[in-house]
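Q: If it helps, the file is called protein01.tsv and holds TSV, C-alpha atoms:
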```
chain	number	residue	atom	x	y	z
A	1	MET	CA	9.46	45.18	-17.10
A	2	ALA	CA	9.23	42.63	-19.76
A	3	LYS	CA	8.06	39.16	-18.90
A	4	PRO	CA	11.02	37.35	-17.32
A	5	ILE	CA	10.65	34.23	-19.44
A	6	LYS	CA	8.84	33.62	-22.69
A	7	ILE	CA	8.45	30.01	-23.76
A	8	LYS	CA	7.18	28.41	-26.91
A	9	ALA	CA	6.69	24.67	-26.89
A	10	ARG	CA	5.63	22.75	-29.98
A	11	ASN	CA	5.13	19.04	-30.40
A	12	LYS	CA	5.53	17.56	-33.84
A	13	ASN	CA	5.67	13.79	-34.46
A	14	GLY	CA	6.54	13.11	-30.82
A	15	LEU	CA	9.43	15.52	-30.80
A	16	THR	CA	8.94	18.58	-28.65
A	17	THR	CA	10.83	21.74	-29.50
A	18	ILE	CA	11.25	24.30	-26.77
A	19	ARG	CA	12.26	27.83	-27.53
A	20	ALA	CA	12.69	30.24	-24.67
A	21	LEU	CA	13.66	33.87	-24.24
A	22	MET	CA	14.69	35.13	-20.85
A	23	SER	CA	15.06	38.75	-19.95
A	24	HIS	CA	18.31	39.29	-18.09
A	25	PRO	CA	21.24	41.76	-18.48
A	26	MET	CA	23.96	39.00	-18.49
A	27	LYS	CA	26.81	41.33	-17.49
A	28	VAL	CA	30.47	40.40	-17.71
A	29	GLU	CA	32.78	41.52	-14.91
A	30	LYS	CA	34.19	44.80	-16.13
A	31	LYS	CA	36.51	47.56	-14.99
A	32	ASP	CA	35.24	51.09	-15.28
A	33	LYS	CA	37.87	52.98	-17.30
A	34	LYS	CA	37.29	56.29	-15.46
A	35	THR	CA	36.99	55.21	-11.85
A	36	GLY	CA	38.92	51.93	-12.00
A	37	LYS	CA	36.16	50.25	-10.04
A	38	VAL	CA	35.25	46.72	-10.92
A	39	LYS	CA	31.64	46.29	-11.85
A	40	PRO	CA	30.59	42.83	-10.80
A	41	ALA	CA	29.32	40.26	-13.24
A	42	HIS	CA	25.63	39.51	-13.21
A	43	PHE	CA	24.43	36.54	-15.20
A	44	ILE	CA	22.18	33.50	-15.16
A	45	GLN	CA	24.08	30.47	-13.89
A	46	THR	CA	21.63	27.64	-14.16
A	47	VAL	CA	18.58	27.11	-16.32
A	48	THR	CA	16.46	24.03	-15.73
A	49	CYS	CA	13.65	22.77	-17.86
A	50	GLU	CA	11.34	20.16	-16.40
A	51	HIS	CA	8.64	18.02	-17.90
A	52	ASN	CA	6.48	16.05	-15.43
A	53	GLY	CA	8.96	16.84	-12.68
A	54	LYS	CA	11.84	15.32	-14.64
A	55	ALA	CA	14.67	17.54	-15.83
A	56	VAL	CA	14.96	17.40	-19.61
A	57	LEU	CA	17.69	19.98	-19.83
A	58	THR	CA	19.96	21.62	-17.29
A	59	ALA	CA	22.02	24.45	-18.68
A	60	GLU	CA	24.98	25.96	-16.89
A	61	TRP	CA	25.87	29.34	-18.23
A	62	GLY	CA	28.77	31.71	-17.89
A	63	ALA	CA	28.70	35.44	-18.49
A	64	ALA	CA	29.52	34.78	-22.16
A	65	VAL	CA	25.92	34.06	-23.03
A	66	SER	CA	24.32	37.07	-24.69
A	67	ALA	CA	22.03	39.48	-22.88
A	68	ASN	CA	18.39	38.44	-22.86
A	69	PRO	CA	19.39	34.86	-23.53
A	70	TYR	CA	17.73	32.61	-26.03
A	71	LEU	CA	17.66	28.86	-25.61
A	72	SER	CA	16.23	26.17	-27.80
A	73	PHE	CA	16.33	22.40	-27.60
A	74	LYS	CA	14.36	19.29	-28.52
A	75	PHE	CA	13.23	16.31	-26.52
A	76	LYS	CA	11.08	13.20	-26.88
A	77	GLY	CA	8.48	11.73	-24.57
A	78	ALA	CA	6.05	14.60	-24.14
A	79	ASN	CA	2.51	14.94	-25.46
A	80	LYS	CA	0.46	17.88	-26.56
A	81	GLY	CA	-1.21	19.50	-23.58
A	82	ASP	CA	1.62	18.63	-21.16
A	83	THR	CA	3.24	21.43	-19.26
A	84	VAL	CA	6.92	22.25	-19.25
A	85	LYS	CA	8.48	24.35	-16.55
A	86	LEU	CA	11.53	26.48	-17.09
A	87	SER	CA	13.40	28.20	-14.30
A	88	TRP	CA	16.66	30.05	-13.87
A	89	VAL	CA	18.91	31.14	-11.03
A	90	ASP	CA	21.50	33.89	-11.44
A	91	ASN	CA	24.76	34.53	-9.59
A	92	LYS	CA	23.04	36.90	-7.18
A	93	GLY	CA	20.58	34.22	-6.14
A	94	LYS	CA	17.67	35.74	-8.02
A	95	ASN	CA	15.40	33.32	-9.77
A	96	ALA	CA	12.40	33.17	-12.01
A	97	SER	CA	10.30	30.44	-13.51
A	98	ALA	CA	7.52	30.03	-16.02
A	99	GLU	CA	5.29	27.28	-17.28
A	100	GLN	CA	3.94	26.65	-20.76
A	101	THR	CA	1.58	24.13	-22.28
A	102	ILE	CA	2.95	22.14	-25.21
A	103	LYS	CA	0.99	22.84	-28.35
B	104	MET	CA	25.73	13.64	-13.51
B	105	ASN	CA	27.82	11.60	-11.08
B	106	SER	CA	31.14	12.28	-12.74
B	107	LYS	CA	30.32	15.95	-12.73
B	108	ARG	CA	29.73	15.95	-9.02
B	109	ARG	CA	33.03	14.21	-8.54
B	110	THR	CA	34.73	16.98	-10.47
B	111	MET	CA	33.00	19.48	-8.27
B	112	LEU	CA	34.36	17.89	-5.12
B	113	LYS	CA	37.89	17.77	-6.44
B	114	GLY	CA	38.02	21.05	-8.18
B	115	THR	CA	36.21	23.73	-6.30
B	116	LEU	CA	35.90	24.66	-2.74
B	117	ALA	CA	35.17	28.09	-4.11
B	118	ALA	CA	31.81	26.89	-5.29
B	119	SER	CA	30.84	26.33	-1.69
B	120	ALA	CA	29.19	29.75	-1.82
B	121	VAL	CA	26.67	28.19	-4.16
B	122	GLY	CA	26.33	25.33	-1.71
B	123	VAL	CA	25.58	27.71	1.12
B	124	ALA	CA	22.88	29.36	-0.95
B	125	ALA	CA	21.50	25.92	-1.66
B	126	SER	CA	21.42	24.79	1.94
B	127	ALA	CA	19.73	28.04	2.88
B	128	GLY	CA	16.88	26.78	0.77
B	129	LEU	CA	17.23	29.36	-1.95
B	130	LEU	CA	17.61	26.79	-4.67
B	131	ALA	CA	15.43	23.86	-5.56
B	132	PRO	CA	16.94	20.44	-4.73
B	133	ARG	CA	17.49	19.75	-8.41
B	134	ALA	CA	19.61	22.85	-8.78
B	135	VAL	CA	21.86	21.53	-6.02
B	136	LEU	CA	22.70	18.48	-8.11
B	137	ALA	CA	23.85	20.73	-10.88
B	138	ALA	CA	26.06	22.94	-8.72
B	139	TRP	CA	27.65	25.50	-10.97
B	140	PRO	CA	31.15	24.40	-12.13
B	141	LYS	CA	32.97	27.62	-11.27
B	142	SER	CA	36.49	26.36	-12.00
B	143	ALA	CA	35.45	25.32	-15.51
B	144	PHE	CA	34.06	28.77	-16.20
B	145	LYS	CA	37.15	30.50	-14.76
B	146	ALA	CA	39.64	28.37	-16.68
B	147	LYS	CA	41.73	30.25	-19.25
B	148	GLY	CA	41.99	27.67	-22.01
B	149	VAL	CA	39.64	25.27	-23.74
B	150	ASP	CA	41.62	22.22	-22.57
B	151	ALA	CA	41.87	23.43	-18.97
B	152	SER	CA	38.20	24.19	-18.94
B	153	LEU	CA	37.36	20.80	-20.42
B	154	THR	CA	39.39	19.09	-17.73
B	155	ALA	CA	37.64	21.06	-15.01
B	156	LEU	CA	34.26	20.26	-16.48
B	157	TYR	CA	34.57	16.61	-17.49
B	158	GLY	CA	37.74	15.50	-15.74
B	159	SER	CA	39.48	14.92	-19.06
B	160	GLY	CA	40.82	17.33	-21.66
B	161	LYS	CA	40.93	14.72	-24.40
B	162	ALA	CA	38.24	14.90	-27.02
B	163	THR	CA	38.04	13.07	-30.33
B	164	ASP	CA	37.26	14.99	-33.49
B	165	ALA	CA	33.85	13.99	-34.77
B	166	LYS	CA	32.33	14.68	-38.15
B	167	ASN	CA	28.76	14.16	-37.01
B	168	ILE	CA	28.59	17.28	-34.90
B	169	LYS	CA	27.14	20.23	-36.72
B	170	ILE	CA	27.78	23.78	-35.61
B	171	LYS	CA	25.43	26.26	-37.14
B	172	ALA	CA	26.90	29.72	-36.70
B	173	PRO	CA	27.47	32.65	-39.04
B	174	ASP	CA	30.78	32.79	-40.97
B	175	ILE	CA	30.98	36.47	-40.16
B	176	ALA	CA	29.29	37.91	-37.09
B	177	GLU	CA	28.80	41.64	-37.30
B	178	ASN	CA	28.11	41.96	-33.62
B	179	GLY	CA	30.16	39.81	-31.28
B	180	ALA	CA	27.75	40.45	-28.42
B	181	VAL	CA	25.08	38.34	-30.06
B	182	VAL	CA	26.28	35.36	-32.06
B	183	PRO	CA	23.57	32.77	-32.69
B	184	VAL	CA	24.95	29.25	-32.37
B	185	THR	CA	23.16	25.95	-32.82
B	186	ILE	CA	24.83	22.64	-32.04
B	187	SER	CA	23.29	19.46	-33.35
B	188	SER	CA	24.59	15.95	-33.64
B	189	THR	CA	23.60	12.44	-34.56
B	190	ILE	CA	25.74	10.96	-31.77
B	191	ALA	CA	23.56	8.53	-29.81
B	192	ASN	CA	22.97	8.88	-26.08
B	193	ALA	CA	24.57	12.27	-25.74
B	194	GLU	CA	24.68	13.26	-22.09
B	195	SER	CA	26.09	16.71	-22.26
B	196	ILE	CA	26.90	19.50	-24.70
B	197	SER	CA	29.29	22.36	-24.05
B	198	ILE	CA	30.05	25.39	-26.15
B	199	PHE	CA	33.44	27.10	-26.00
B	200	VAL	CA	34.83	30.16	-27.74
B	201	ALA	CA	38.56	29.44	-28.02
B	202	LYS	CA	39.81	33.03	-27.82
B	203	ASN	CA	37.45	34.42	-25.21
B	204	PRO	CA	39.19	35.29	-21.91
B	205	GLN	CA	37.09	32.54	-20.34
B	206	PRO	CA	36.39	30.08	-23.14
B	207	LEU	CA	33.49	28.15	-21.63
B	208	THR	CA	30.26	29.91	-22.52
B	209	SER	CA	27.73	27.33	-21.53
B	210	SER	CA	27.23	23.68	-20.74
B	211	TYR	CA	24.05	21.67	-21.07
B	212	ALA	CA	23.17	18.44	-19.29
B	213	LEU	CA	20.69	16.48	-21.37
B	214	GLY	CA	17.88	14.34	-19.99
B	215	SER	CA	17.29	10.82	-21.31
B	216	GLY	CA	14.81	11.81	-24.01
B	217	THR	CA	16.57	15.01	-24.99
B	218	GLN	CA	18.08	15.26	-28.44
B	219	ALA	CA	21.66	16.33	-29.05
B	220	TYR	CA	20.46	19.74	-30.12
B	221	VAL	CA	20.96	23.10	-28.44
B	222	GLY	CA	20.54	26.59	-29.80
B	223	THR	CA	21.57	29.78	-28.03
B	224	ARG	CA	23.26	33.12	-28.50
B	225	ILE	CA	26.74	33.78	-27.19
B	226	LYS	CA	29.26	36.62	-26.87
B	227	MET	CA	32.56	36.55	-28.74
B	228	GLY	CA	35.44	38.94	-28.00
B	229	LYS	CA	37.13	38.53	-31.37
B	230	THR	CA	37.42	36.23	-34.37
B	231	SER	CA	37.80	32.74	-33.00
B	232	ASP	CA	36.88	29.11	-33.26
B	233	VAL	CA	33.59	28.08	-31.73
B	234	VAL	CA	34.20	24.66	-30.20
B	235	ALA	CA	31.41	22.24	-29.42
B	236	VAL	CA	32.04	19.29	-27.13
B	237	ILE	CA	29.58	16.46	-26.72
B	238	LYS	CA	29.86	13.81	-24.04
B	239	ALA	CA	28.34	10.46	-24.93
B	240	GLY	CA	29.01	7.10	-23.31
B	241	GLY	CA	31.82	8.52	-21.20
B	242	LYS	CA	33.70	9.79	-24.25
B	243	LEU	CA	34.17	13.31	-25.49
B	244	TYR	CA	33.63	14.34	-29.08
B	245	THR	CA	34.45	17.71	-30.50
B	246	ALA	CA	34.03	19.87	-33.58
B	247	LYS	CA	34.83	23.48	-34.33
B	248	LYS	CA	33.94	26.28	-36.67
B	249	GLU	CA	35.59	29.64	-37.16
B	250	VAL	CA	33.44	32.73	-36.78
B	251	LYS	CA	34.84	36.09	-37.84
B	252	VAL	CA	33.82	38.93	-35.58
B	253	THR	CA	33.91	42.51	-36.74
B	254	ILE	CA	32.88	44.17	-33.45
B	255	GLY	CA	33.82	42.39	-30.22
B	256	GLY	CA	31.18	41.69	-27.65
B	257	CYS	CA	33.02	41.04	-24.42
B	258	GLY	CA	32.88	44.65	-23.27
B	259	GLY	CA	29.18	44.65	-22.46
```
For this file, produce the structure as structure tokens.

A:
Amino acid sequence: MAKPIKIKARNKNGLTTIRALMSHPMKVEKKDKKTGKVKPAHFIQTVTCEHNGKAVLTAEWGAAVSANPYLSFKFKGANKGDTVKLSWVDNKGKNASAEQTIK
Amino acid sequence: MNSKRRTMLKGTLAASAVGVAASAGLLAPRAVLAAWPKSAFKAKGVDASLTALYGSGKATDAKNIKIKAPDIAENGAVVPVTISSTIANAESISIFVAKNPQPLTSSYALGSGTQAYVGTRIKMGKTSDVVAVIKAGGKLYTAKKEVKVTIGGCGG
């Protein structure tokens, strides 16, 4: 299986840009046309990114975010060498997290 | 964050399932604060969803919100969208697709040093307006951009 979260963190002139790729199916609730059974939705609900224990971004997602979601954002107040932590929780209670040093 | 929690209390007992998971220690304490706004995601219209999310469906049109998205998306399952704005002290950004069955795609709570900038990829069922809503200083600002979709992406 692919790495659950890939993060790139760059600091330029005090502004840190985070780009992250998560590996997740992000399924919408869907009816099977043949059997009529409802296939449940399966998606990431909450993504949190922390820097020094402080949340810089909390994302709440629905199933309408594409599979293997991509997220990017910018924040101030971090230095090169700091670590950022990104974690997600999906609607089945599964979670994953990863850390990356800011370059 | 506070107003959001208030909305939670009013709007959704249904979200208590999330709460149970939280109290069982599955989620970190921070995730509990940001309990997932189920009613906002289930709402059928942009206005209804806005009300569920922010407690008010009224948003002012703003020219200083930029939505970077393709004019024509060949594949509705993956539409790259970037929202950026010069609005000061933005607290929250939400992205809606007006004609999706459930318009709210995602909502982002910004920390104090975080810029009003979010990039992601969303699914679009058909040609529709992409609506960005930014909350700053207790007010809502909005902008929209039409994206034409040639193959819908809400089946996957």

Q: Do you know which residues are at most 9 Å from region 66-75 of chain A counting all atoms listed in the file, after dropping those on the same chain fewer than 6 positions away, and could you put them as a PyMOL selection string?

A: (chain A and resi 14-27+43-44+56-57) or (chain B and resi 180-183+185+214-226+256+259)

Q: Do you know which residues are at most 8 Å from Ala96 (chain A) counting only C-alpha atoms, after dropping those on the same chain fewer than 6 positions away, and could you put them as a PyMOL selection string?

A: chain A and resi 4-5+87-89

Q: Given the choices A:Thr58, A:Thr35, A:Thr101, A:Asn91, which gets closest to chain B if the distance is worked out from all atoms listed in the file?

A: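 Looking only at the distances to chain B, the closest residue turns out to be A:Thr58.
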
Q: At what distance in Å, to one decimal, does CA of Lys3 (chain A) lie from CA of Glu50 (chain A)?

A: 19.4 Å

Q: Any idea what the distance is between CA of Lys141 (chain B) and CA of Leu207 (chain B)?

A: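 CA of Leu207 (chain B) lies at a distance of 10.4 Å from CA of Lys141 (chain B).
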
Q: Pick out the closest residue to chain A from this set: B:Ser197, B:Gln205, B:Thr245, B:Ser210. Count all atoms listed in the file.

A: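 Between B:Ser197, B:Gln205, B:Thr245, B:Ser210, the residue approaching chain A most closely is B:Ser210.
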
Q: For a test of reading the model, state the distance in Å between CA of Ala176 (chain B) and CA of Leu156 (chain B), rounded to one decimal.

A: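 Atom-to-atom, CA of Ala176 (chain B) and CA of Leu156 (chain B) are spaced 27.6 Å apart.
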
Q: Name the residues in contact with Thr208 (chain B) at a cut-off of 6 Å, using only C-alpha atoms, excluding same-chain residues fewer than 6 positions from it; report them as a CSV table (one decimal) with C-alpha atoms, in the coordinates of the input.

A:
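Dumped to part-v3.csv:
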```
chain,number,residue,atom,x,y,z
A,62,GLY,CA,28.8,31.7,-17.9
A,64,ALA,CA,29.5,34.8,-22.2
B,198,ILE,CA,30.0,25.4,-26.2
B,199,PHE,CA,33.4,27.1,-26.0
```

Q: Of the candidates A:Lys103, A:Lys80, A:Lys30, A:Lys37, which one gets nearest to chain B if we count only C-alpha atoms?

A: A:Lys30

Q: From the options A:Ile102, A:Ile7, A:Leu86, A:Gly93, which residue's atoms come nearest to Cys49 (chain A), counting only C-alpha atoms?

A: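 Looking at the shortest contact to Cys49 (chain A), the residue is A:Leu86.
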
Q: What's around Lys242 (chain B) at 9 Å? Count all atoms listed in the file, leave out sequence neighbours fewer than 5 positions away in its own chain, and write the answer as a PyMOL selection string.

A: chain B and resi 161-163+237

Q: Taking (38.1, 42.0, -38.5) in the coordinates of the supplied file, I want to know which residues reach to within 7 Å of it, counting only C-alpha atoms; could you give the answer as a list in words?

A: Lys251, Val252 and Thr253 of chain B

Q: Save the residues we just selected, C-alpha atoms, as an mmCIF file, in the coordinates of the input?

A:
```
data_model
loop_
_atom_site.group_PDB
_atom_site.id
_atom_site.type_symbol
_atom_site.label_atom_id
_atom_site.label_comp_id
_atom_site.auth_asym_id
_atom_site.auth_seq_id
_atom_site.Cartn_x
_atom_site.Cartn_y
_atom_site.Cartn_z
ATOM 1 C CA LYS B 251 34.840 36.090 -37.840
ATOM 2 C CA VAL B 252 33.820 38.930 -35.580
ATOM 3 C CA THR B 253 33.910 42.510 -36.740
#
```

Q: Using all atoms listed in the file, pick whichever of A:Asn95, A:Asn52, A:Gln45, A:Asn11 has the shortest atom-to-atom distance to Phe144 (chain B).

A: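 Nearest candidate to Phe144 (chain B) out of A:Asn95, A:Asn52, A:Gln45, A:Asn11: A:Gln45.
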
Q: Using all atoms listed in the file, which of the listed residues (B:Pro173, B:Gly158, B:Pro206, B:Gly241) sits closest to Trp61 (chain A)?

A: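 Closest candidate: B:Pro206.
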
Q: Could you give me, as a list in words, the residues within 10 Å of Asp164 (chain B), counting only C-alpha atoms and dropping anything in the same chain fewer than 2 positions from it?

A: Lys161, Ala162, Lys166, Asn167, Ile168, Val236, Leu243, Tyr244, Thr245, Ala246 and Lys247 of chain B

Q: Keeping only C-alpha atoms, write the selected residues to a file as a PDB file, in the coordinates of the input.

A:
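Done, and the output landed in again.pdb:
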```pdb
ATOM      1  CA  LYS B 161      40.930  14.720 -24.400  1.00  0.00           C
ATOM      2  CA  ALA B 162      38.240  14.900 -27.020  1.00  0.00           C
ATOM      3  CA  LYS B 166      32.330  14.680 -38.150  1.00  0.00           C
ATOM      4  CA  ASN B 167      28.760  14.160 -37.010  1.00  0.00           C
ATOM      5  CA  ILE B 168      28.590  17.280 -34.900  1.00  0.00           C
ATOM      6  CA  VAL B 236      32.040  19.290 -27.130  1.00  0.00           C
ATOM      7  CA  LEU B 243      34.170  13.310 -25.490  1.00  0.00           C
ATOM      8  CA  TYR B 244      33.630  14.340 -29.080  1.00  0.00           C
ATOM      9  CA  THR B 245      34.450  17.710 -30.500  1.00  0.00           C
ATOM     10  CA  ALA B 246      34.030  19.870 -33.580  1.00  0.00           C
ATOM     11  CA  LYS B 247      34.830  23.480 -34.330  1.00  0.00           C
TER      12      LYS B 247
END
```
